[in-house]
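This report concerns only the one structure given below.
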Amino acid sequence: METKVRNGILPFAIVTFIYFVVGFLTTVNEQLQAPLKFAFLAEAGNLKNTFTTFISFFFFLGYLLNGTRASKWVNLFGYKNTIIRGLIFMISGLLMYLCSSWFGDQYSHFSLHFGNVALPYGFIIFIIGSYLMGTSAAVIQVVVNPYVASYELPGTQPVQRLNITTAINSIGTTSAPFFVTVVMFSGISIANIEIKQLLLPLIALIGCVVLVTLITSKLHLPDIANTRATAGEKLEKSIWSFRHFALGVLAIFFYVGTEVSIGANINLHAFELMDSGHPMTFFGKTDIIIGGVDLGIHALLSTLYWGGFLVGRAISSFFSKISAKTQLATTTILAAILAIIAMVTQNLWFLVAIGLLHSTMWSCIFSLSIKGLNKYTSKASGVFISAVFGGAVFTLVQGGLADILGSWRWTWWMTVVCELLMLSYALLGSRIREKDLMGGK
């Protein structure tokens, strides 16, 4: 039997904090692309960019393969037990990162060779860990999204609650780039990093996540009525029969594709500009050195991009009267314009500004997609989360295009196309057919 929801703040806060951890570690994974390119892929030939984006590809592969499985766990075991499973996957992924760092330091000469390319086994172990981390994030998000959207916190609407939760998530994504640069690699030049520098920070992260898991297992996290099928209950129709949901899944595929591509690859583009003699500047400076520590312009680009999510979500959490449809239409138009300007001017700060606009898109698309689904909601969430695989597809495709074109510059057309497709969902695809609204009863 479902337990009655308590409209207190604590369950909402618990889920939100765990989502913060997911955001932090997701961005840590992305920000390790550039350092690991230098540490592991020196002998990857002309495929360095492609192999580097494997880190993000395998992370989001976890979403594709495990999103629907996680929704089944929600139906079978409930929200709390499913989120604990997600935390266990997170610990496993961090342990693989630790093994990768140790193996890469002790056995750096062990590599997989094909043609003129050498792929160290330490790197292969890391991308396995990346897959486990992606699985963890998928499982936890399958819980967080419907839980937050359906949790009846007085004085809030679903898109508003999602914006509050994702704003806290953005604190994690904003702090992660500097955590990688300053804590993991001690602020030294990226060309001089050593893989063994990851060992102590990873041990500390593992300890923190173990503690979070133990605390969560002891706390009360009530289920929410009418958001999941009860044991033995058979759903009468396919989740894909809801048109606004099916198109929402497609919209989130393109959204996450462009969101992650910018966050993961903007620093690689910055290194390309630096190598070509046109480094990015911040108030006229090409580097940021504080107390002898090089914070790196590349880290600042990513930090301010994800920081835009934090600011945008914090502001939009007060938009109790602006519809998700209006927010999505406005932000996609502006983001497409900024991406075009960034390509023409080769000024990556315009890409950074897109973070402010991307901040509310997830909440808007999710809330529009699950409207009226009722007992189909948890299943829908699992399918929805699988569409996050767009982050894997677009980062990998963009890395391949950068190798083919010899530059990252014009690969950002992918962002423009994604924004326009999301605009079409806001204006047309999000409309709910009468039979779909009745079918969710």
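Chains: A, B, ... in order of the structure tokens. Residues: from 1 per chain. Ligands: from 1, in order shown.
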
- Message: DSSP on the backbone, alpha helix (DSSP H) only: what residues of segment 383-426 of chain A does that give? Format it as a PyMOL selection string.
- Response: chain A and resi 383-386+390-405+413-424

- Task: Identify, on the basis of only C-alpha atoms, every residue whose closest approach to Arg69 of chain A does not exceed 10 Å; exclude the query and any residue fewer than 2 positions from it along the same chain; express the result as a PyMOL selection string.
- Result: chain A and resi 63-67+71-74+138-139+142+379+382-383+386

Using the selection just defined, write its residues with C-alpha atoms as a short mmCIF file (atom, residue, chain, number, x, y, z; two decimals), in the first residue's frame.
data_model
loop_
_atom_site.label_atom_id
_atom_site.label_comp_id
_atom_site.auth_asym_id
_atom_site.auth_seq_id
_atom_site.Cartn_x
_atom_site.Cartn_y
_atom_site.Cartn_z
CA TYR A 63 21.00 6.41 -18.96
CA LEU A 64 19.93 4.67 -22.16
CA LEU A 65 20.38 1.12 -20.86
CA ASN A 66 19.12 1.59 -17.31
CA GLY A 67 16.47 4.32 -17.29
CA SER A 71 11.36 2.84 -13.32
CA LYS A 72 10.59 -0.86 -12.83
CA TRP A 73 12.50 -0.73 -9.54
CA VAL A 74 10.38 2.24 -8.45
CA ALA A 138 19.87 7.69 -14.28
CA VAL A 139 18.46 5.65 -11.39
CA VAL A 142 14.11 8.44 -12.26
CA LYS A 379 7.17 4.45 -15.99
CA GLY A 382 12.23 5.88 -16.69
CA VAL A 383 11.69 6.23 -20.43
CA SER A 386 16.71 7.07 -21.12
#

- Task: Find the spatial neighbours of segment 105-115 of chain A, counting only C-alpha atoms, within a cut-off of 12 Å - ignore same-chain residues fewer than 3 positions away - and output them as number ranges by chain.
- Result: A: 39-47, 98-102, 118-125, 193-199

- Query: Gly312 of chain A: which residues within 9 Å, counting only C-alpha atoms, same-chain residues fewer than 2 positions away excluded, as a list in words?
  - Reply: Asn163, Ala167, Gly307, Gly308, Phe309, Leu310, Ala314, Ile315, Ser316, Ser317, Gly355, Leu356, Leu357, His358, Ser359 and Thr360 of chain A

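Across the structure, atom CA of Thr68 of chain A and atom CA of Lys237 of chain A are spaced 16.2 Å apart.
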
- Contact residues around Trp240 of chain A with only C-alpha atoms at 10 Å, ignoring same-chain residues under 6 positions, as a ChimeraX atom specification: /A:246-247,249,380,383

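Here atom CA of Gly129 of chain A is placed at a distance of 24.4 Å from atom CA of Tyr79 of chain A.
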
- DSSP on the backbone, then: every residue of segment 54-148 of chain A marked strand (DSSP E), written as a ChimeraX atom specification. /A:111-114,117-120

Write the selection just made, keeping C-alpha atoms, as a PDB file, in the first residue's frame?
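The result, written out as selection_34.pdb:
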ATOM      1  CA  SER A 111      47.774  -0.386 -23.650  1.00  0.00           C
ATOM      2  CA  LEU A 112      45.416  -1.691 -26.294  1.00  0.00           C
ATOM      3  CA  HIS A 113      46.977  -1.135 -29.716  1.00  0.00           C
ATOM      4  CA  PHE A 114      45.273  -0.885 -33.089  1.00  0.00           C
ATOM      5  CA  VAL A 117      46.689   4.273 -31.813  1.00  0.00           C
ATOM      6  CA  ALA A 118      47.470   3.192 -28.245  1.00  0.00           C
ATOM      7  CA  LEU A 119      44.603   3.164 -25.740  1.00  0.00           C
ATOM      8  CA  PRO A 120      45.819   2.633 -22.138  1.00  0.00           C
TER       9      PRO A 120
END

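Close contacts of Thr331 of chain A, defined as residues with an atom at most 8 Å away when counting only C-alpha atoms, with chain neighbours fewer than 2 positions off set aside, comprise Gln327, Leu328, Ala329, Ile333, Leu334, Ala335, Leu357, His358 and Met361 of chain A.
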
- Message: I want to know what sits within 8 Å of segment 51-60 of chain A, based on only C-alpha atoms, with residues of the same chain fewer than 3 positions away left out; could you give that as a ChimeraX atom specification?
- Response: /A:29-30,33-34,36-37,41,44,47-48,63-64,126-128,130-135,264,388-393,395-396,399

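Candidate residues A:Val180, A:Thr411, A:Ser175, A:Val22 were compared for distance to Val344 of chain A, and the nearest is A:Thr411, using only C-alpha atoms.
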
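Minimum distance to Ser302 of chain A across A:Ile9, A:Leu428, A:Val28, A:Val256 (counting only C-alpha atoms) occurs at A:Val28.
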
- Query: With only C-alpha atoms as the atoms that count, which of A:Gly172, A:Gly207, A:Gly62, A:Gly86 lies nearest to Phe24 of chain A?
  - Reply: A:Gly172

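With atom CA of Phe20 of chain A on one side and atom CA of Trp306 of chain A on the other, the separation reads 12.8 Å.
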